[in-house]
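Below is start_18.txt, holding compact mmCIF, C-alpha atoms.
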# COMPACT_ATOMS: atom_id res chain seq x y z
CA MET A 30 -71.15 5.79 -66.06
CA GLN A 31 -69.46 7.32 -62.96
CA THR A 32 -71.87 8.50 -60.27
CA ALA A 33 -71.30 11.77 -58.31
CA PRO A 34 -70.67 11.43 -54.57
CA ASN A 35 -73.69 12.04 -52.42
CA SER A 36 -73.97 15.06 -50.14
CA ARG A 37 -73.21 13.05 -46.94
CA THR A 38 -69.84 11.89 -48.30
CA GLN A 39 -68.95 15.42 -49.34
CA LYS A 40 -69.66 16.65 -45.79
CA PHE A 41 -67.36 14.01 -44.22
CA ILE A 42 -64.52 15.01 -46.57
CA ALA A 43 -64.93 18.69 -45.75
CA VAL A 44 -64.98 18.09 -42.00
CA GLY A 45 -61.84 15.93 -42.22
CA ALA A 46 -59.98 18.59 -44.14
CA VAL A 47 -60.88 21.24 -41.56
CA LEU A 48 -59.69 19.05 -38.66
CA ALA A 49 -56.38 18.32 -40.40
CA LEU A 50 -55.73 22.02 -40.97
CA ALA A 51 -56.55 22.76 -37.34
CA LEU A 52 -54.06 20.16 -36.07
CA ILE A 53 -51.31 21.51 -38.32
CA SER A 54 -51.99 25.03 -37.10
CA LEU A 55 -51.78 23.95 -33.43
CA GLN A 56 -48.45 22.23 -34.03
CA ALA A 57 -46.97 25.05 -36.07
CA TYR A 58 -47.93 28.03 -33.89
CA THR A 59 -48.00 28.90 -30.24
CA LEU A 60 -50.02 31.66 -28.69
CA MET A 61 -47.70 34.10 -26.87
CA THR A 62 -48.61 35.87 -23.63
CA ASP A 63 -48.90 39.21 -25.41
CA GLY A 64 -51.58 37.88 -27.77
CA THR A 65 -49.31 37.34 -30.77
CA PHE A 66 -48.32 34.08 -32.42
CA SER A 67 -44.86 32.68 -33.04
CA ALA A 68 -43.61 29.66 -34.91
CA ALA A 69 -42.89 26.55 -32.83
CA GLY A 70 -40.98 23.46 -33.86
CA ILE A 71 -42.92 20.36 -34.66
CA GLN A 72 -41.79 17.51 -32.42
CA LYS A 73 -40.31 14.58 -34.28
CA VAL A 74 -41.09 10.98 -33.51
CA GLY A 75 -38.91 9.77 -30.66
CA GLY A 76 -37.69 13.30 -29.83
CA SER A 77 -37.80 15.04 -26.46
CA THR A 78 -38.02 18.58 -25.19
CA ASP A 79 -35.33 19.46 -22.59
CA PRO A 80 -36.64 21.32 -19.53
CA PRO A 81 -35.12 24.72 -18.78
CA THR A 82 -32.00 24.60 -16.54
CA ASN A 83 -30.84 27.08 -13.90
CA GLY A 84 -27.59 29.00 -14.40
CA THR A 85 -24.32 28.52 -12.54
CA ILE A 86 -21.37 30.62 -11.42
CA SER A 87 -17.87 29.09 -11.36
CA VAL A 88 -15.18 30.74 -9.22
CA THR A 89 -11.69 29.98 -7.88
CA GLY A 90 -10.97 30.98 -4.30
CA SER A 91 -7.55 31.21 -2.67
CA GLY A 92 -6.24 31.42 0.87
CA GLN A 93 -2.81 31.88 2.44
CA VAL A 94 -1.46 31.43 5.95
CA GLU A 95 1.98 32.45 7.19
CA ILE A 96 3.82 30.20 9.67
CA GLN A 97 7.18 30.47 11.39
CA PRO A 98 10.01 28.20 10.20
CA THR A 99 11.18 25.91 12.98
CA MET A 100 13.08 23.28 11.00
CA ALA A 101 15.87 23.16 8.43
CA ILE A 102 16.86 20.19 6.29
CA LEU A 103 20.25 20.06 4.59
CA THR A 104 22.18 17.35 2.77
CA ILE A 105 25.90 17.00 3.47
CA GLY A 106 28.16 14.80 1.36
CA VAL A 107 31.68 13.41 1.31
CA ASN A 108 33.39 12.57 -1.99
CA THR A 109 36.67 10.66 -2.03
CA GLN A 110 38.80 9.31 -4.90
CA ASP A 111 41.64 6.80 -4.99
CA PRO A 112 43.16 4.22 -7.38
CA SER A 113 41.98 1.58 -4.92
CA ALA A 114 38.25 1.18 -4.30
CA GLN A 115 38.92 -0.11 -0.80
CA THR A 116 41.10 2.87 0.07
CA ALA A 117 38.58 5.36 -1.33
CA ALA A 118 35.79 3.70 0.66
CA GLN A 119 37.82 3.67 3.87
CA GLN A 120 38.76 7.34 3.49
CA ASN A 121 35.14 8.22 2.89
CA ALA A 122 33.99 6.28 5.96
CA ASN A 123 36.58 7.95 8.19
CA ILE A 124 35.64 11.44 7.06
CA MET A 125 31.89 10.83 7.34
CA THR A 126 32.33 9.39 10.85
CA ASN A 127 34.11 12.58 11.90
CA VAL A 128 31.43 14.72 10.24
CA ILE A 129 28.64 12.96 12.12
CA SER A 130 30.51 13.26 15.42
CA ALA A 131 30.99 16.98 14.86
CA LEU A 132 27.27 17.42 14.16
CA GLU A 133 26.34 15.49 17.30
CA ASN A 134 28.70 17.70 19.33
CA LEU A 135 26.58 20.67 18.24
CA GLY A 136 23.56 19.09 19.92
CA ILE A 137 22.05 17.50 16.81
CA ASN A 138 20.55 14.16 17.81
CA SER A 139 21.78 11.07 15.98
CA SER A 140 18.17 10.26 14.99
CA SER A 141 18.18 13.54 13.00
CA ILE A 142 21.10 12.35 10.85
CA GLN A 143 20.29 9.76 8.20
CA THR A 144 22.25 8.32 5.29
CA VAL A 145 20.36 9.02 2.06
CA SER A 146 22.91 8.01 -0.59
CA TYR A 147 26.07 5.91 -0.97
CA SER A 148 27.82 4.93 -4.21
CA ILE A 149 31.13 3.58 -5.53
CA ASN A 150 31.89 4.28 -9.19
CA PRO A 151 34.94 3.53 -11.33
CA GLN A 152 36.74 6.41 -13.04
CA ILE A 153 37.24 5.46 -16.68
CA ASN A 154 40.00 6.86 -18.91
CA TYR A 155 40.20 6.47 -22.69
CA ASP A 156 43.41 6.46 -24.74
CA ALA A 157 43.89 7.81 -28.26
CA ASN A 158 42.63 4.54 -29.74
CA GLY A 159 39.45 4.66 -27.66
CA LYS A 160 40.53 1.86 -25.36
CA SER A 161 39.17 2.24 -21.83
CA SER A 162 40.87 1.55 -18.53
CA VAL A 163 39.99 2.05 -14.88
CA ALA A 164 42.03 4.92 -13.48
CA GLY A 165 40.57 4.77 -9.98
CA TYR A 166 37.39 4.80 -7.95
CA GLN A 167 35.11 7.48 -6.60
CA VAL A 168 33.06 7.04 -3.44
CA ASP A 169 30.21 9.41 -2.62
CA SER A 170 28.16 9.34 0.58
CA GLN A 171 25.43 11.74 1.71
CA VAL A 172 23.58 12.30 4.96
CA GLN A 173 20.42 14.32 5.52
CA VAL A 174 20.52 16.49 8.62
CA THR A 175 17.39 17.87 10.28
CA ILE A 176 17.91 20.88 12.55
CA THR A 177 15.11 22.20 14.77
CA THR A 178 14.58 25.17 17.06
CA PRO A 179 11.93 25.79 19.76
CA THR A 180 8.71 27.33 18.45
CA THR A 181 8.33 29.52 21.53
CA THR A 182 11.37 31.63 20.70
CA SER A 183 10.52 35.09 19.40
CA GLN A 184 13.45 35.02 16.96
CA ALA A 185 13.39 31.33 16.11
CA GLU A 186 14.40 31.95 12.50
CA VAL A 187 17.58 33.74 13.62
CA GLN A 188 18.59 30.86 15.86
CA LEU A 189 17.72 28.39 13.13
CA GLY A 190 19.94 30.15 10.59
CA THR A 191 22.79 30.25 13.11
CA LYS A 192 22.47 26.52 13.82
CA VAL A 193 22.50 25.69 10.12
CA GLY A 194 25.61 27.80 9.54
CA SER A 195 27.37 26.15 12.48
CA ALA A 196 26.46 22.68 11.18
CA ILE A 197 27.90 23.46 7.76
CA ASP A 198 31.09 24.84 9.27
CA ALA A 199 31.51 21.80 11.53
CA ALA A 200 30.95 19.35 8.66
CA VAL A 201 33.31 21.12 6.27
CA GLY A 202 35.88 21.37 9.04
CA GLN A 203 35.92 17.57 9.24
CA GLY A 204 36.33 17.04 5.49
CA ALA A 205 32.82 17.25 4.03
CA ASN A 206 33.08 18.69 0.52
CA GLU A 207 29.46 18.67 -0.66
CA VAL A 208 26.47 20.60 0.68
CA TYR A 209 23.46 20.20 -1.60
CA GLY A 210 21.11 22.78 -0.14
CA VAL A 211 19.07 24.00 2.79
CA GLN A 212 15.29 23.85 2.97
CA PHE A 213 13.41 25.65 5.72
CA THR A 214 10.09 24.23 6.86
CA ALA A 215 7.99 23.55 9.96
CA SER A 216 6.64 20.54 11.81
CA ASN A 217 4.00 18.37 10.16
CA SER A 218 1.39 19.38 12.73
CA ALA A 219 2.04 23.09 12.14
CA VAL A 220 1.83 22.66 8.36
CA GLN A 221 -1.40 20.62 8.59
CA GLN A 222 -3.04 23.19 10.86
CA ALA A 223 -2.04 26.02 8.53
CA ASP A 224 -3.31 24.02 5.55
CA GLN A 225 -6.76 23.69 7.14
CA GLN A 226 -6.86 27.42 7.83
CA ALA A 227 -5.80 28.19 4.26
CA LEU A 228 -8.60 25.95 2.91
CA GLN A 229 -11.18 27.74 5.05
CA LEU A 230 -9.98 31.10 3.76
CA ALA A 231 -10.10 29.80 0.18
CA VAL A 232 -13.72 28.65 0.61
CA GLN A 233 -14.68 32.01 2.12
CA ASP A 234 -13.01 33.77 -0.79
CA ALA A 235 -14.89 31.63 -3.32
CA SER A 236 -18.22 32.27 -1.59
CA SER A 237 -17.58 36.01 -1.49
CA GLN A 238 -16.74 36.08 -5.19
CA ALA A 239 -19.88 34.15 -6.11
CA LYS A 240 -22.11 36.50 -4.10
CA SER A 241 -20.49 39.57 -5.66
CA ILE A 242 -20.99 38.21 -9.17
CA ALA A 243 -24.60 37.25 -8.40
CA THR A 244 -25.34 40.74 -7.08
CA ALA A 245 -23.89 42.32 -10.21
CA LEU A 246 -26.05 40.03 -12.38
CA ASP A 247 -29.16 40.64 -10.23
CA VAL A 248 -29.53 36.94 -9.46
CA THR A 249 -29.45 34.88 -6.28
CA VAL A 250 -27.04 32.13 -5.22
CA THR A 251 -29.21 29.13 -4.27
CA GLY A 252 -26.63 26.48 -3.42
CA VAL A 253 -23.32 24.77 -4.09
CA ILE A 254 -23.11 22.29 -6.95
CA SER A 255 -19.49 21.15 -6.58
CA VAL A 256 -16.24 22.05 -4.82
CA SER A 257 -12.74 20.74 -5.53
CA THR A 258 -9.67 21.60 -3.48
CA ASN A 259 -6.03 22.00 -4.36
CA PRO A 260 -3.92 22.55 -1.22
CA SER A 261 -0.32 23.45 -1.90
CA TYR A 262 2.41 24.11 0.64
CA THR A 263 5.11 26.45 -0.60
CA PRO A 264 8.47 25.85 1.14
CA SER A 265 11.27 28.36 1.14
CA PRO A 266 13.81 28.35 -1.71
CA VAL A 267 16.71 25.93 -1.49
CA ILE A 268 20.18 27.40 -1.03
CA GLN A 269 22.38 25.49 -3.47
CA ASP A 270 26.06 24.65 -2.89
CA ALA A 271 26.31 26.37 0.47
CA ILE A 272 29.84 25.11 1.20
CA ALA A 273 31.66 27.05 3.89
CA SER A 274 34.88 27.25 1.84
CA GLY A 275 37.03 27.45 4.93
CA SER A 276 35.18 30.38 6.49
CA SER A 277 34.83 30.41 10.25
CA GLN A 278 31.13 31.24 10.11
CA THR A 279 28.82 30.48 7.19
CA PRO A 280 26.02 33.09 7.10
CA ILE A 281 22.65 31.38 6.68
CA VAL A 282 19.58 33.60 6.88
CA ALA A 283 16.33 31.75 7.52
CA PRO A 284 13.08 33.30 6.21
CA GLN A 285 10.89 35.04 8.76
CA SER A 286 7.83 33.13 7.61
CA LEU A 287 6.66 30.38 5.30
CA THR A 288 3.55 30.55 3.12
CA VAL A 289 1.00 27.75 3.17
CA SER A 290 -1.53 28.29 0.38
CA ALA A 291 -4.66 26.54 -0.88
CA THR A 292 -7.13 27.01 -3.72
CA VAL A 293 -10.67 25.75 -4.32
CA GLN A 294 -12.75 25.57 -7.49
CA ALA A 295 -16.44 26.00 -6.69
CA VAL A 296 -19.58 25.94 -8.82
CA TYR A 297 -22.68 27.68 -7.40
CA ALA A 298 -26.29 27.42 -8.59
CA ILE A 299 -28.16 30.66 -9.26
CA SER A 300 -31.75 31.60 -10.00
Would you give me this structure, written as C-alpha cells?
Amino acid sequence: MQTAPNSRTQKFIAVGAVLALALISLQAYTLMTDGTFSAAGIQKVGGSTDPPTNGTISVTGSGQVEIQPTMAILTIGVNTQDPSAQTAAQQNANIMTNVISALENLGINSSSIQTVSYSINPQINYDANGKSSVAGYQVDSQVQVTITTPTTTSQAEVQLGTKVGSAIDAAVGQGANEVYGVQFTASNSAVQQADQQALQLAVQDASSQAKSIATALDVTVTGVISVSTNPSYTPSPVIQDAIASGSSQTPIVAPQSLTVSATVQAVYAIS
C-alpha cells in the first residue's frame, strides 16, 4: 500500500515551487523607472551583454591654397627618318645639338635640359603577299626643359609664358618637330608649404562641420577618434602639341595661380 507524503515533505515542495517561480519572474521582467514592468531577455549560457556605446560624427574637410607659378616644364623632341639607321641617327644628333644650343642661348642652364627618351626603330613595309621588308629607320629623341622665373616679380606668370614661347620658337627654328606639352608648377618648397597650409584649412573645415552637426543634434563633441589625410596637388592643364609652326612668336599664357588642395576624413566622438 502506498503511503501519503507527510506534511513536512509537502511544505518543502511548496517552498521550492515558489522560489522557482520567483527566479523566473526576475529573469523575465525588469522594473522600469516609471513603475511599470517590461520584458527582458533571458541571458543564455556563455552569452554577454554589450555595454552602451557613444555616438560618432564622420565628416570630410577640404582646404585650398593658391600659389604663383614660377616654373614651366616642357618636352621637346626631334624625329628623323632615313633608309640608313646611321644617317638617321646622325641627323637627329645634329639637330638636337643645335636645339640645345639655342635653348642655352636664351639663358636656360644646361642642367635644366635633360634627355628623357631616345629610340631607333625600323620602318617596316609589307607587299601584297604579306612579305615584310625594312624601308628605313626612324630615330626619336626627347629632352625635358625646365624654365624658371624669379618669384619676386609681380607678373611672374607673364614672363614665364614669354620664356616658354621663346624656347619653343628657338627649338623649332633649329629643326625640332615635336613639342609634347607644357606644365606650369612651382618649386618643391613652395608646393610643400602650400600643402601644409591646405591641410590645416582642411582640418579646420572638418572641425567646424562636426561642431555644426553636433549643435543641430543637441549633442557635444568630446574628442577625435580618427583622422586620415589625402593631400592632392592640382597642376595646371598640359598644353598638347604646342609646335610653333614657323611663327615668329608662339603665344603661351601661363595661369595666374595654381591650386594646392587637401582633404581630411575625420571621425569625432559625441555624447
Next on the checklist: Calculated over only C-alpha atoms, which of the candidates A:Gln238, A:Thr109, A:Asn217, A:Gln285 has the smallest distance to Val250 (chain A)?
Outcome noted: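 Nearest candidate to Val250 (chain A) out of A:Gln238, A:Thr109, A:Asn217, A:Gln285: A:Gln238.
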Taking the point (22.4, 31.5, 16.2) as given in the file, collect each protein or nucleic acid residue that comes within 12 Å of it, counting all atoms listed in the file, and present the set as a PDB file with C-alpha atoms, in the frame of the given file.
ATOM      1  CA  LEU A 135      26.580  20.670  18.240  1.00  0.00           C
ATOM      2  CA  THR A 177      15.110  22.200  14.770  1.00  0.00           C
ATOM      3  CA  THR A 178      14.580  25.170  17.060  1.00  0.00           C
ATOM      4  CA  THR A 182      11.370  31.630  20.700  1.00  0.00           C
ATOM      5  CA  GLN A 184      13.450  35.020  16.960  1.00  0.00           C
ATOM      6  CA  ALA A 185      13.390  31.330  16.110  1.00  0.00           C
ATOM      7  CA  GLU A 186      14.400  31.950  12.500  1.00  0.00           C
ATOM      8  CA  VAL A 187      17.580  33.740  13.620  1.00  0.00           C
ATOM      9  CA  GLN A 188      18.590  30.860  15.860  1.00  0.00           C
ATOM     10  CA  LEU A 189      17.720  28.390  13.130  1.00  0.00           C
ATOM     11  CA  GLY A 190      19.940  30.150  10.590  1.00  0.00           C
ATOM     12  CA  THR A 191      22.790  30.250  13.110  1.00  0.00           C
ATOM     13  CA  LYS A 192      22.470  26.520  13.820  1.00  0.00           C
ATOM     14  CA  VAL A 193      22.500  25.690  10.120  1.00  0.00           C
ATOM     15  CA  GLY A 194      25.610  27.800   9.540  1.00  0.00           C
ATOM     16  CA  SER A 195      27.370  26.150  12.480  1.00  0.00           C
ATOM     17  CA  ALA A 196      26.460  22.680  11.180  1.00  0.00           C
ATOM     18  CA  GLN A 278      31.130  31.240  10.110  1.00  0.00           C
ATOM     19  CA  THR A 279      28.820  30.480   7.190  1.00  0.00           C
ATOM     20  CA  PRO A 280      26.020  33.090   7.100  1.00  0.00           C
ATOM     21  CA  ILE A 281      22.650  31.380   6.680  1.00  0.00           C
ATOM     22  CA  VAL A 282      19.580  33.600   6.880  1.00  0.00           C
ATOM     23  CA  ALA A 283      16.330  31.750   7.520  1.00  0.00           C
TER      24      ALA A 283
END
Next on the checklist: Give me, as a list of chain:residue names, all polymer residues having an atom no more than 12 Å from Ser257 (chain A), counting only C-alpha atoms and skipping those fewer than 5 positions away in the same chain.
Outcome noted: A:Ser87, A:Val88, A:Thr89, A:Gly90, A:Leu228, A:Ala231, A:Val232, A:Ala235, A:Ala291, A:Thr292, A:Val293, A:Gln294, A:Ala295, A:Val296
Checklist entry - Which residue out of A:Ile299, A:Ile197, A:Ala164, A:Val211 has the minimum interatomic distance to Ala239 (chain A) when all atoms listed in the file are used? => result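 Of the candidates, the smallest distance to Ala239 (chain A) is held by A:Ile299.
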Next on the checklist: Every residue with an atom at most 9 Å from (28.4, 5.5, 0.6) (file coordinates; all atoms listed in the file) is what I'm after, so could you write them as a VMD selection string?
Outcome noted: chain A and resid 107 118 121 to 122 144 to 149 168 to 171
Item to check | Contacts of region 240-244 of chain A at 12 Å (all atoms listed in the file; same-chain gap of 4+ positions) as a ChimeraX atom specification | outcome: /A:84-88,233-236,248-253,296-300
Checklist entry - When distances are computed from only C-alpha atoms, which of A:Val163, A:Ile254, A:Ala215, A:Ile176 shows the smallest separation from Ile137 (chain A)? => result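 That would be A:Ile176, the residue with the smallest distance to Ile137 (chain A).
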Checklist entry - Of the candidates A:Leu230, A:Ala199, A:Leu103, A:Ile129, which shows the shortest atom-to-atom distance to Phe213 (chain A), using all atoms listed in the file? => result A:Leu103
Checklist outcome for this item: Min atom-atom distance to Asn138 (chain A) from the set A:Gln115, A:Asn158, A:Gln152, A:Thr175, counting only C-alpha atoms, belongs to A:Thr175
Checklist entry - To one decimal place, how far is CA of Lys160 (chain A) from CA of Asn108 (chain A) in Å? => result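 Straight-line distance from CA of Lys160 (chain A) to CA of Asn108 (chain A) works out to 26.7 Å.
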Checklist entry - So what do you get for CA of Glu207 (chain A) versus CA of Leu132 (chain A), distance-wise? => result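 So the answer is 15.0 Å.
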Kindly provide, as JSON, the centre and edge lengths (Å, one decimal) of an axis-aligned box around all atoms of region 122-125 of chain A given in the file, with 6 Å on each side.
{"center_x": 34.2, "center_y": 8.9, "center_z": 7.1, "size_x": 16.7, "size_y": 17.2, "size_z": 14.2}
Item to check | Tyr166 (chain A) surroundings by all atoms listed in the file, 8 Å radius, close-in-sequence under 6 positions cut, as a list of chain:residue names | outcome: A:Gln110, A:Asp111, A:Pro112, A:Ser113, A:Ala114, A:Ala117, A:Ile149, A:Asn150, A:Pro151, A:Gln152
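With CA of Ala219 (chain A) on one side and CA of Asp198 (chain A) on the other, the separation reads 29.2 Å.
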